[in-house]
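**Student:** Next up is a structure, given as structure tokens.
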Amino acid sequence: MTLAGNRWDDALTDNVHPSDWRNPSPQALYDLVVIGGGTAGLISASGAAGLGARVALVERQHMGGDCLNVGCVPSKALLRSGHLAAELRDAERFGVSGTGEAQVDFGAVMERMRKVRARISPVDSVKRYQEELSVDVFLGDARFAGEREVVVGDDRLRFKKAIIATGGRPFQPPIDGLADAGYLTNETIFDLTERPRHLLVIGGGPIGCELSQAFRRFGSRVTLVEQGPQFLAREDPDAAAVLQRALEYDGVDLRLGTAVTKVQRQADDIVGVTLERDGEAETLTVDTLLVAVGRVPNVEGLGLEAAGVEFDTRRGVLVDDGLRTTNKRIFAAGDVCMEHRFTHAADYAARIAIQNALFFGRKKLSQLNIPWCTYTSPEIAHVGLYERDAQAQGTPLDTWTRELAEVDRAIAEGDDEGFVKIHTRKGSDKILGATIVARNAGDLISEISVAMAAGMGLGGLSNVIHPYPTQADAIRQTGGAYMRTRLTPFAARVLGLLLRLQR
Ligand code: NAD
């Protein structure tokens, strides 16, 4: 996962999996044993130890898990370079020239990403957990040897409670020839040192869309293949349409409703990929393949049977709403058991798991209102219900939309492709969900999350003064649209009468 001999990756490894690490001698009994040192595991371990529990954490690979090593952190560092390349490309639109053709030094982009990752890594380091947070850190493979015991190498860790936080891994689709031809996933793409000439991405979810846009902006030819009718399948269709236009503008070759039927390596750096759409086949030759078609939970080899923990290989460890498994002493959190595979979801799930495991808590996963964001440009962020969810539940909605093409700051910035869309319960201002498509949608959505958490309705939001001109003002304006509908013909007549009486 990292480049040995690269100074930043060596620094990262020293933090997240030091080669000279010696596991501590196990204590006689732990209050909590945590398996997995990704977000859910780290938050579980540090949270429990901070409250005075004796905690052991076992990690087989890298502390920080996917997010730090092969997910959010490296991808966002790359996207930043991609966004900058796009700004330079479009500079003349803003009357700025002299930049010439933007030159992307791919090696330097990747080196910056490594540096960013190394810089953030001390927070998740083995040393910090062991020395500062008083967590016993064991590097190695953990396996349950019974209902109250985990084995790591020759060490036996007896526990009162345990949390399984082993995460997931990329799903390998059953495509003829794919495994033999070789391909990249999010676990290996960040090791590239040379820019692909032609990158073919299979899967138009968040990983596929974010990385397609970034690599296109770095100068690779990019083909993005999605079997379904829409990129970001679960997003609002209007949001996906804006993203589709943005990817087209960047020059990504988009193939919707298209299946990859065969992959064949033809030479060291040439792979033939057969695509099929509406019965028509076509073969492209590319040098690099990225597979991003979803993830599967890591449940194998953990001895879950010995612990009495039920699981299935698709949904992962089976948990109730309190994140308790079928063994009442064992809980799970994060991608190994949850539908929402996000770092922030894993973080809050871990908080629920430790409260319920150690402090007789009655917290529920279903009480969390989890927002999310895809960091393309523009970003697509969402919280709460989608229109289709409401329809499925039989909950009638009103939908309030403000296009960024009507928002002064968005127009001034040249960022006017996007919108704020807020769903309220029909006939009331109670906010049930929202989608924002904007340059900083991931930041803007938190305003809606705060309103929902505080029980503030859309009418209340319309009374919150926003600085002019800002993109966030679009949220207040959406509230304004709601308030105007409150002005019934009767109320308008009464107000008109009052004004006339004062003349
Ligand atoms: P995903 O499941 O979100 O999307 C995969 C896409 O691949 C789907 O649209 C599916 O229709 C398509 N697909 C499946 N098989 C295919 C095939 N054979 N040919 C063509 N298309 C195919 O998966 P992902 O993008 O790999 O992301 C994995 C997880 O990581 C998700 O849960 C995602 O939410 C999370 N993630 C989130 C972010 C973010 O929030 N910014 C970023 C990256 C990843």
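Identifiers for the structure tokens are assigned positionally: chains receive A, B, ... in sequence, residues are indexed from 1 per chain, and ligands are indexed from 1 in the order shown.
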Give me the residues of chain A that have any atom at most 6 Å from an atom of ligand 1; for each, the nearest atom pair and the distance in Å, rounded to one decimal. Use only C-alpha atoms and all ligand atoms, sort by chain and number, and format it as JSON lines.

**Tutor:**
{"residue": "A:Pro173", "atom": "CA", "partner": "ligand 1", "partner_atom_place_in_ligand_line": "18 (N)", "distance": 5.7}
{"residue": "A:Ile202", "atom": "CA", "partner": "ligand 1", "partner_atom_place_in_ligand_line": "20 (C)", "distance": 4.9}
{"residue": "A:Gly203", "atom": "CA", "partner": "ligand 1", "partner_atom_place_in_ligand_line": "7 (O)", "distance": 3.3}
{"residue": "A:Gly204", "atom": "CA", "partner": "ligand 1", "partner_atom_place_in_ligand_line": "6 (C)", "distance": 4.7}
{"residue": "A:Gly205", "atom": "CA", "partner": "ligand 1", "partner_atom_place_in_ligand_line": "4 (O)", "distance": 3.4}
{"residue": "A:Pro206", "atom": "CA", "partner": "ligand 1", "partner_atom_place_in_ligand_line": "25 (O)", "distance": 4.2}
{"residue": "A:Ile207", "atom": "CA", "partner": "ligand 1", "partner_atom_place_in_ligand_line": "25 (O)", "distance": 3.9}
{"residue": "A:Gly208", "atom": "CA", "partner": "ligand 1", "partner_atom_place_in_ligand_line": "25 (O)", "distance": 5.4}
{"residue": "A:Val225", "atom": "CA", "partner": "ligand 1", "partner_atom_place_in_ligand_line": "20 (C)", "distance": 5.3}
{"residue": "A:Glu226", "atom": "CA", "partner": "ligand 1", "partner_atom_place_in_ligand_line": "21 (N)", "distance": 3.8}
{"residue": "A:Gln227", "atom": "CA", "partner": "ligand 1", "partner_atom_place_in_ligand_line": "20 (C)", "distance": 4.1}
{"residue": "A:Gly228", "atom": "CA", "partner": "ligand 1", "partner_atom_place_in_ligand_line": "11 (O)", "distance": 5.0}
{"residue": "A:Leu232", "atom": "CA", "partner": "ligand 1", "partner_atom_place_in_ligand_line": "9 (O)", "distance": 5.7}
{"residue": "A:Ala233", "atom": "CA", "partner": "ligand 1", "partner_atom_place_in_ligand_line": "9 (O)", "distance": 5.2}
{"residue": "A:Ala259", "atom": "CA", "partner": "ligand 1", "partner_atom_place_in_ligand_line": "19 (N)", "distance": 5.0}
{"residue": "A:Val260", "atom": "CA", "partner": "ligand 1", "partner_atom_place_in_ligand_line": "19 (N)", "distance": 5.4}
{"residue": "A:Ala292", "atom": "CA", "partner": "ligand 1", "partner_atom_place_in_ligand_line": "26 (O)", "distance": 3.8}
{"residue": "A:Val293", "atom": "CA", "partner": "ligand 1", "partner_atom_place_in_ligand_line": "7 (O)", "distance": 3.7}
{"residue": "A:Gly294", "atom": "CA", "partner": "ligand 1", "partner_atom_place_in_ligand_line": "23 (O)", "distance": 3.2}
{"residue": "A:Arg295", "atom": "CA", "partner": "ligand 1", "partner_atom_place_in_ligand_line": "28 (C)", "distance": 5.3}
{"residue": "A:Arg341", "atom": "CA", "partner": "ligand 1", "partner_atom_place_in_ligand_line": "32 (O)", "distance": 4.5}
{"residue": "A:Phe342", "atom": "CA", "partner": "ligand 1", "partner_atom_place_in_ligand_line": "37 (C)", "distance": 5.9}
{"residue": "A:Trp372", "atom": "CA", "partner": "ligand 1", "partner_atom_place_in_ligand_line": "40 (O)", "distance": 5.5}
{"residue": "A:Cys373", "atom": "CA", "partner": "ligand 1", "partner_atom_place_in_ligand_line": "40 (O)", "distance": 4.9}
{"residue": "A:Thr374", "atom": "CA", "partner": "ligand 1", "partner_atom_place_in_ligand_line": "41 (N)", "distance": 3.8}
{"residue": "A:Tyr375", "atom": "CA", "partner": "ligand 1", "partner_atom_place_in_ligand_line": "41 (N)", "distance": 5.4}

**Student:** Quick one: pull the distance between CA of Val273 (chain A) and CA of Pro229 (chain A), Å, one decimal.

**Tutor:** 20.2 Å

**Student:** Which neighbours of region 72-74 of chain A fall inside 9 Å, counting only C-alpha atoms, when residues of the same chain fewer than 3 positions from it are skipped, and could you give them as a list in words?

**Tutor:** Asp66, Cys67, Leu68, Asn69, Ala77, Leu78, Leu79, Met110, Met113, Arg114, Val116, Arg117, Ile120, Phe190 and Thr343 of chain A

**Student:** DSSP on the backbone, strand (DSSP E or B) only: what residues of region 143-323 of chain A does that give? Format it as an MDAnalysis selection string.

**Tutor:** chainID A and resid 143:146 149:152 155:164 168:170 176 184 198:202 221:225 253:255 259:267 270:277 280:286 288:291 295:297 311:312 316:317

**Student:** When you draw a straight line from CA of Val152 (chain A) to CA of Val33 (chain A), how long is it in Å?

**Tutor:**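 Value for the CA of Val152 (chain A)-CA of Val33 (chain A) distance: 11.4 Å.
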
**Student:** Which residues, written as an MDAnalysis selection string, have at least one atom at most 8 Å from Ser121 (chain A), with only C-alpha atoms counted and residues fewer than 4 positions away on the same chain left out?

**Tutor:** chainID A and resid 12 15:16 64 68 117 125

**Student:** So which residues of region 73-220 of chain A fall under helix (DSSP H, G or I) by DSSP, listed as JSON, numbers by chain?

**Tutor:** {"A": [73, 74, 75, 76, 77, 78, 79, 80, 81, 82, 83, 84, 85, 86, 87, 88, 89, 91, 92, 93, 94, 106, 107, 108, 109, 110, 111, 112, 113, 114, 115, 116, 117, 118, 119, 120, 121, 122, 123, 124, 126, 127, 128, 129, 130, 131, 132, 178, 179, 180, 181, 189, 190, 191, 206, 207, 208, 209, 210, 211, 212, 213, 214, 215, 216, 217]}

**Student:** Could you pull the residues within 12 Å of Arg439 (chain A), counting only C-alpha atoms, minus those fewer than 4 positions along the same chain, as an mmCIF file with all heavy atoms, in the first residue's frame?

**Tutor:**
data_model
loop_
_atom_site.group_PDB
_atom_site.id
_atom_site.type_symbol
_atom_site.label_atom_id
_atom_site.label_comp_id
_atom_site.auth_asym_id
_atom_site.auth_seq_id
_atom_site.Cartn_x
_atom_site.Cartn_y
_atom_site.Cartn_z
ATOM 1 N N HIS A 83 -8.570 19.963 -8.892
ATOM 2 C CA HIS A 83 -9.383 21.185 -8.932
ATOM 3 C C HIS A 83 -8.524 22.364 -9.388
ATOM 4 O O HIS A 83 -8.961 23.202 -10.170
ATOM 5 C CB HIS A 83 -9.975 21.509 -7.553
ATOM 6 C CG HIS A 83 -10.981 20.487 -7.092
ATOM 7 N ND1 HIS A 83 -11.692 19.691 -7.951
ATOM 8 C CD2 HIS A 83 -11.410 20.139 -5.855
ATOM 9 C CE1 HIS A 83 -12.500 18.895 -7.271
ATOM 10 N NE2 HIS A 83 -12.340 19.132 -5.990
ATOM 11 N N VAL A 242 -26.288 17.143 -12.917
ATOM 12 C CA VAL A 242 -25.291 18.227 -12.885
ATOM 13 C C VAL A 242 -23.887 17.619 -12.938
ATOM 14 O O VAL A 242 -23.011 18.086 -13.674
ATOM 15 C CB VAL A 242 -25.433 19.107 -11.619
ATOM 16 C CG1 VAL A 242 -24.329 20.157 -11.558
ATOM 17 C CG2 VAL A 242 -26.800 19.766 -11.567
ATOM 18 N N LEU A 243 -23.687 16.554 -12.159
ATOM 19 C CA LEU A 243 -22.363 15.924 -12.152
ATOM 20 C C LEU A 243 -22.019 15.374 -13.533
ATOM 21 O O LEU A 243 -20.892 15.528 -14.014
ATOM 22 C CB LEU A 243 -22.319 14.795 -11.112
ATOM 23 C CG LEU A 243 -21.008 14.000 -11.123
ATOM 24 C CD1 LEU A 243 -19.824 14.896 -10.783
ATOM 25 C CD2 LEU A 243 -21.072 12.828 -10.154
ATOM 26 N N ALA A 246 -20.792 18.043 -15.636
ATOM 27 C CA ALA A 246 -19.455 18.488 -15.219
ATOM 28 C C ALA A 246 -18.384 17.513 -15.714
ATOM 29 O O ALA A 246 -17.318 17.934 -16.191
ATOM 30 C CB ALA A 246 -19.401 18.613 -13.695
ATOM 31 N N CYS A 373 -21.190 13.307 1.365
ATOM 32 C CA CYS A 373 -20.810 14.203 0.279
ATOM 33 C C CYS A 373 -19.882 13.474 -0.681
ATOM 34 O O CYS A 373 -19.009 12.725 -0.247
ATOM 35 C CB CYS A 373 -20.085 15.415 0.872
ATOM 36 S SG CYS A 373 -19.562 16.591 -0.392
ATOM 37 N N THR A 374 -20.090 13.688 -1.955
ATOM 38 C CA THR A 374 -19.130 13.220 -2.960
ATOM 39 C C THR A 374 -18.350 14.443 -3.410
ATOM 40 O O THR A 374 -18.928 15.463 -3.794
ATOM 41 C CB THR A 374 -19.870 12.565 -4.149
ATOM 42 O OG1 THR A 374 -20.625 11.471 -3.635
ATOM 43 C CG2 THR A 374 -18.890 12.051 -5.185
ATOM 44 N N TYR A 375 -16.998 14.311 -3.359
ATOM 45 C CA TYR A 375 -16.147 15.501 -3.494
ATOM 46 C C TYR A 375 -15.690 15.744 -4.925
ATOM 47 O O TYR A 375 -14.531 16.021 -5.187
ATOM 48 C CB TYR A 375 -14.967 15.388 -2.528
ATOM 49 C CG TYR A 375 -15.443 15.363 -1.097
ATOM 50 C CD1 TYR A 375 -15.727 14.162 -0.463
ATOM 51 C CD2 TYR A 375 -15.691 16.547 -0.411
ATOM 52 C CE1 TYR A 375 -16.216 14.127 0.832
ATOM 53 C CE2 TYR A 375 -16.185 16.525 0.876
ATOM 54 C CZ TYR A 375 -16.446 15.307 1.493
ATOM 55 O OH TYR A 375 -16.944 15.285 2.775
ATOM 56 N N THR A 376 -16.620 15.608 -5.869
ATOM 57 C CA THR A 376 -16.334 16.015 -7.238
ATOM 58 C C THR A 376 -16.466 17.525 -7.294
ATOM 59 O O THR A 376 -16.852 18.154 -6.313
ATOM 60 C CB THR A 376 -17.378 15.371 -8.169
ATOM 61 O OG1 THR A 376 -18.660 15.476 -7.531
ATOM 62 C CG2 THR A 376 -17.058 13.919 -8.431
ATOM 63 N N SER A 377 -16.180 18.138 -8.465
ATOM 64 C CA SER A 377 -16.614 19.521 -8.571
ATOM 65 C C SER A 377 -17.680 19.594 -9.652
ATOM 66 O O SER A 377 -17.410 19.163 -10.767
ATOM 67 C CB SER A 377 -15.456 20.480 -8.832
ATOM 68 O OG SER A 377 -14.636 20.040 -9.853
ATOM 69 N N PRO A 378 -18.877 20.104 -9.307
ATOM 70 C CA PRO A 378 -19.251 20.528 -7.961
ATOM 71 C C PRO A 378 -19.441 19.329 -7.024
ATOM 72 O O PRO A 378 -19.614 18.202 -7.481
ATOM 73 C CB PRO A 378 -20.587 21.249 -8.183
ATOM 74 C CG PRO A 378 -21.177 20.596 -9.388
ATOM 75 C CD PRO A 378 -20.020 20.221 -10.272
ATOM 76 N N GLU A 379 -19.397 19.635 -5.704
ATOM 77 C CA GLU A 379 -19.646 18.596 -4.711
ATOM 78 C C GLU A 379 -21.152 18.299 -4.636
ATOM 79 O O GLU A 379 -21.982 19.181 -4.917
ATOM 80 C CB GLU A 379 -19.159 19.055 -3.337
ATOM 81 C CG GLU A 379 -17.655 19.224 -3.279
ATOM 82 C CD GLU A 379 -17.137 19.691 -1.922
ATOM 83 O OE1 GLU A 379 -17.946 20.030 -1.035
ATOM 84 O OE2 GLU A 379 -15.902 19.735 -1.763
ATOM 85 N N ILE A 380 -21.467 17.076 -4.244
ATOM 86 C CA ILE A 380 -22.873 16.682 -4.088
ATOM 87 C C ILE A 380 -23.055 16.188 -2.660
ATOM 88 O O ILE A 380 -22.439 15.198 -2.267
ATOM 89 C CB ILE A 380 -23.229 15.579 -5.089
ATOM 90 C CG1 ILE A 380 -23.078 16.173 -6.497
ATOM 91 C CG2 ILE A 380 -24.636 15.047 -4.845
ATOM 92 C CD1 ILE A 380 -23.405 15.264 -7.597
ATOM 93 N N ALA A 381 -23.853 16.913 -1.884
ATOM 94 C CA ALA A 381 -24.004 16.551 -0.473
ATOM 95 C C ALA A 381 -25.471 16.298 -0.168
ATOM 96 O O ALA A 381 -26.360 16.903 -0.788
ATOM 97 C CB ALA A 381 -23.474 17.678 0.409
ATOM 98 N N LEU A 404 -28.510 27.679 -8.146
ATOM 99 C CA LEU A 404 -27.379 28.596 -7.923
ATOM 100 C C LEU A 404 -27.304 29.650 -9.035
ATOM 101 O O LEU A 404 -26.703 30.700 -8.830
ATOM 102 C CB LEU A 404 -26.063 27.818 -7.841
ATOM 103 C CG LEU A 404 -25.895 26.909 -6.624
ATOM 104 C CD1 LEU A 404 -24.456 26.415 -6.528
ATOM 105 C CD2 LEU A 404 -26.289 27.610 -5.327
ATOM 106 N N ARG A 409 -23.710 35.334 -5.380
ATOM 107 C CA ARG A 409 -22.317 34.972 -5.154
ATOM 108 C C ARG A 409 -21.879 33.832 -6.076
ATOM 109 O O ARG A 409 -20.760 33.811 -6.584
ATOM 110 C CB ARG A 409 -22.113 34.562 -3.691
ATOM 111 C CG ARG A 409 -20.689 34.161 -3.358
ATOM 112 C CD ARG A 409 -19.735 35.339 -3.508
ATOM 113 N NE ARG A 409 -18.362 34.916 -3.325
ATOM 114 C CZ ARG A 409 -17.759 34.790 -2.150
ATOM 115 N NH1 ARG A 409 -18.417 35.089 -1.038
ATOM 116 N NH2 ARG A 409 -16.519 34.397 -2.077
ATOM 117 N N ALA A 410 -22.797 32.896 -6.306
ATOM 118 C CA ALA A 410 -22.469 31.770 -7.184
ATOM 119 C C ALA A 410 -22.223 32.281 -8.607
ATOM 120 O O ALA A 410 -21.291 31.845 -9.291
ATOM 121 C CB ALA A 410 -23.599 30.748 -7.160
ATOM 122 N N GLU A 413 -18.874 34.076 -8.761
ATOM 123 C CA GLU A 413 -17.747 33.141 -8.698
ATOM 124 C C GLU A 413 -17.637 32.266 -9.944
ATOM 125 O O GLU A 413 -16.673 31.510 -10.078
ATOM 126 C CB GLU A 413 -17.907 32.208 -7.487
ATOM 127 C CG GLU A 413 -17.855 32.886 -6.145
ATOM 128 C CD GLU A 413 -16.435 33.217 -5.719
ATOM 129 O OE1 GLU A 413 -15.501 32.513 -6.117
ATOM 130 O OE2 GLU A 413 -16.290 34.209 -4.984
ATOM 131 N N GLY A 414 -18.647 32.307 -10.799
ATOM 132 C CA GLY A 414 -18.654 31.384 -11.930
ATOM 133 C C GLY A 414 -18.948 29.957 -11.503
ATOM 134 O O GLY A 414 -18.550 28.991 -12.150
ATOM 135 N N ASP A 415 -19.633 29.818 -10.373
ATOM 136 C CA ASP A 415 -19.976 28.498 -9.826
ATOM 137 C C ASP A 415 -21.480 28.302 -9.824
ATOM 138 O O ASP A 415 -22.062 27.860 -8.844
ATOM 139 C CB ASP A 415 -19.531 28.414 -8.349
ATOM 140 C CG ASP A 415 -18.078 28.118 -8.211
ATOM 141 O OD1 ASP A 415 -17.503 27.524 -9.135
ATOM 142 O OD2 ASP A 415 -17.509 28.482 -7.166
ATOM 143 N N ASP A 416 -22.150 28.664 -10.922
ATOM 144 C CA ASP A 416 -23.606 28.734 -10.861
ATOM 145 C C ASP A 416 -24.293 27.457 -11.317
ATOM 146 O O ASP A 416 -25.502 27.438 -11.521
ATOM 147 C CB ASP A 416 -24.116 29.942 -11.655
ATOM 148 C CG ASP A 416 -23.622 29.925 -13.082
ATOM 149 O OD1 ASP A 416 -22.687 29.145 -13.370
ATOM 150 O OD2 ASP A 416 -24.163 30.668 -13.908
ATOM 151 N N GLU A 417 -23.552 26.366 -11.478
ATOM 152 C CA GLU A 417 -24.165 25.056 -11.786
ATOM 153 C C GLU A 417 -24.424 24.338 -10.474
ATOM 154 O O GLU A 417 -23.472 23.918 -9.808
ATOM 155 C CB GLU A 417 -23.186 24.209 -12.612
ATOM 156 C CG GLU A 417 -23.226 24.498 -14.085
ATOM 157 C CD GLU A 417 -24.233 23.611 -14.817
ATOM 158 O OE1 GLU A 417 -24.915 22.800 -14.176
ATOM 159 O OE2 GLU A 417 -24.330 23.777 -16.034
ATOM 160 N N GLY A 418 -25.659 24.234 -10.064
ATOM 161 C CA GLY A 418 -25.954 23.527 -8.825
ATOM 162 C C GLY A 418 -27.228 24.055 -8.222
ATOM 163 O O GLY A 418 -27.905 24.911 -8.807
ATOM 164 N N PHE A 419 -27.559 23.554 -7.048
ATOM 165 C CA PHE A 419 -28.808 23.980 -6.405
ATOM 166 C C PHE A 419 -28.825 23.562 -4.947
ATOM 167 O O PHE A 419 -28.030 22.733 -4.502
ATOM 168 C CB PHE A 419 -30.021 23.381 -7.133
ATOM 169 C CG PHE A 419 -30.001 21.881 -7.231
ATOM 170 C CD1 PHE A 419 -30.397 21.079 -6.168
ATOM 171 C CD2 PHE A 419 -29.566 21.257 -8.402
ATOM 172 C CE1 PHE A 419 -30.378 19.693 -6.253
ATOM 173 C CE2 PHE A 419 -29.534 19.855 -8.498
ATOM 174 C CZ PHE A 419 -29.943 19.080 -7.417
ATOM 175 N N VAL A 420 -29.768 24.191 -4.231
ATOM 176 C CA VAL A 420 -30.109 23.746 -2.877
ATOM 177 C C VAL A 420 -31.541 23.234 -2.973
ATOM 178 O O VAL A 420 -32.419 23.950 -3.461
ATOM 179 C CB VAL A 420 -30.052 24.917 -1.872
ATOM 180 C CG1 VAL A 420 -30.622 24.497 -0.523
ATOM 181 C CG2 VAL A 420 -28.629 25.428 -1.729
ATOM 182 N N ASP A 443 -19.568 21.416 2.950
ATOM 183 C CA ASP A 443 -19.599 22.329 4.097
ATOM 184 C C ASP A 443 -21.000 22.896 4.300
ATOM 185 O O ASP A 443 -21.479 23.027 5.421
ATOM 186 C CB ASP A 443 -18.597 23.473 3.892
ATOM 187 C CG ASP A 443 -17.167 22.969 3.990
ATOM 188 O OD1 ASP A 443 -16.878 22.267 4.969
ATOM 189 O OD2 ASP A 443 -16.361 23.248 3.090
ATOM 190 N N LEU A 444 -21.667 23.226 3.193
ATOM 191 C CA LEU A 444 -22.988 23.865 3.300
ATOM 192 C C LEU A 444 -24.031 22.938 3.936
ATOM 193 O O LEU A 444 -24.917 23.392 4.652
ATOM 194 C CB LEU A 444 -23.477 24.301 1.913
ATOM 195 C CG LEU A 444 -22.627 25.346 1.183
ATOM 196 C CD1 LEU A 444 -23.221 25.644 -0.191
ATOM 197 C CD2 LEU A 444 -22.537 26.631 1.995
ATOM 198 N N ILE A 445 -23.916 21.640 3.674
ATOM 199 C CA ILE A 445 -24.972 20.721 4.143
ATOM 200 C C ILE A 445 -25.061 20.722 5.671
ATOM 201 O O ILE A 445 -26.117 20.437 6.242
ATOM 202 C CB ILE A 445 -24.747 19.281 3.590
ATOM 203 C CG1 ILE A 445 -26.039 18.465 3.650
ATOM 204 C CG2 ILE A 445 -23.648 18.539 4.342
ATOM 205 C CD1 ILE A 445 -27.036 18.779 2.601
ATOM 206 N N THR A 470 -23.062 35.306 -0.189
ATOM 207 C CA THR A 470 -22.457 33.994 0.050
ATOM 208 C C THR A 470 -23.296 32.932 -0.649
ATOM 209 O O THR A 470 -24.467 33.160 -0.944
ATOM 210 C CB THR A 470 -22.426 33.632 1.558
ATOM 211 O OG1 THR A 470 -23.754 33.755 2.082
ATOM 212 C CG2 THR A 470 -21.483 34.501 2.344
ATOM 213 N N GLN A 471 -22.659 31.789 -0.857
ATOM 214 C CA GLN A 471 -23.416 30.683 -1.444
ATOM 215 C C GLN A 471 -24.391 30.113 -0.420
ATOM 216 O O GLN A 471 -25.474 29.643 -0.769
ATOM 217 C CB GLN A 471 -22.470 29.612 -1.970
ATOM 218 C CG GLN A 471 -21.575 30.154 -3.071
ATOM 219 C CD GLN A 471 -21.239 29.121 -4.136
ATOM 220 O OE1 GLN A 471 -21.850 28.069 -4.216
ATOM 221 N NE2 GLN A 471 -20.260 29.445 -4.962
ATOM 222 N N ALA A 472 -24.002 30.180 0.860
ATOM 223 C CA ALA A 472 -24.896 29.659 1.909
ATOM 224 C C ALA A 472 -26.207 30.440 1.956
ATOM 225 O O ALA A 472 -27.229 29.932 2.443
ATOM 226 C CB ALA A 472 -24.203 29.723 3.264
#

**Student:** For the atom pair CA of Ile448 (chain A) and CA of Gln367 (chain A), what is the interatomic distance in Å to one decimal place?

**Tutor:**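 Taking CA of Ile448 (chain A) and CA of Gln367 (chain A), their separation equals 16.4 Å.
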
**Student:** Quick one: residues within 8 Å of region 85-93 of chain A, only C-alpha atoms, excluding same-chain residues fewer than 6 positions away - as a list in words?

**Tutor:**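 My reading of the contact set: Thr99, Glu101, Ala102, Gln103, Val104, Arg217 and Phe218 of chain A.
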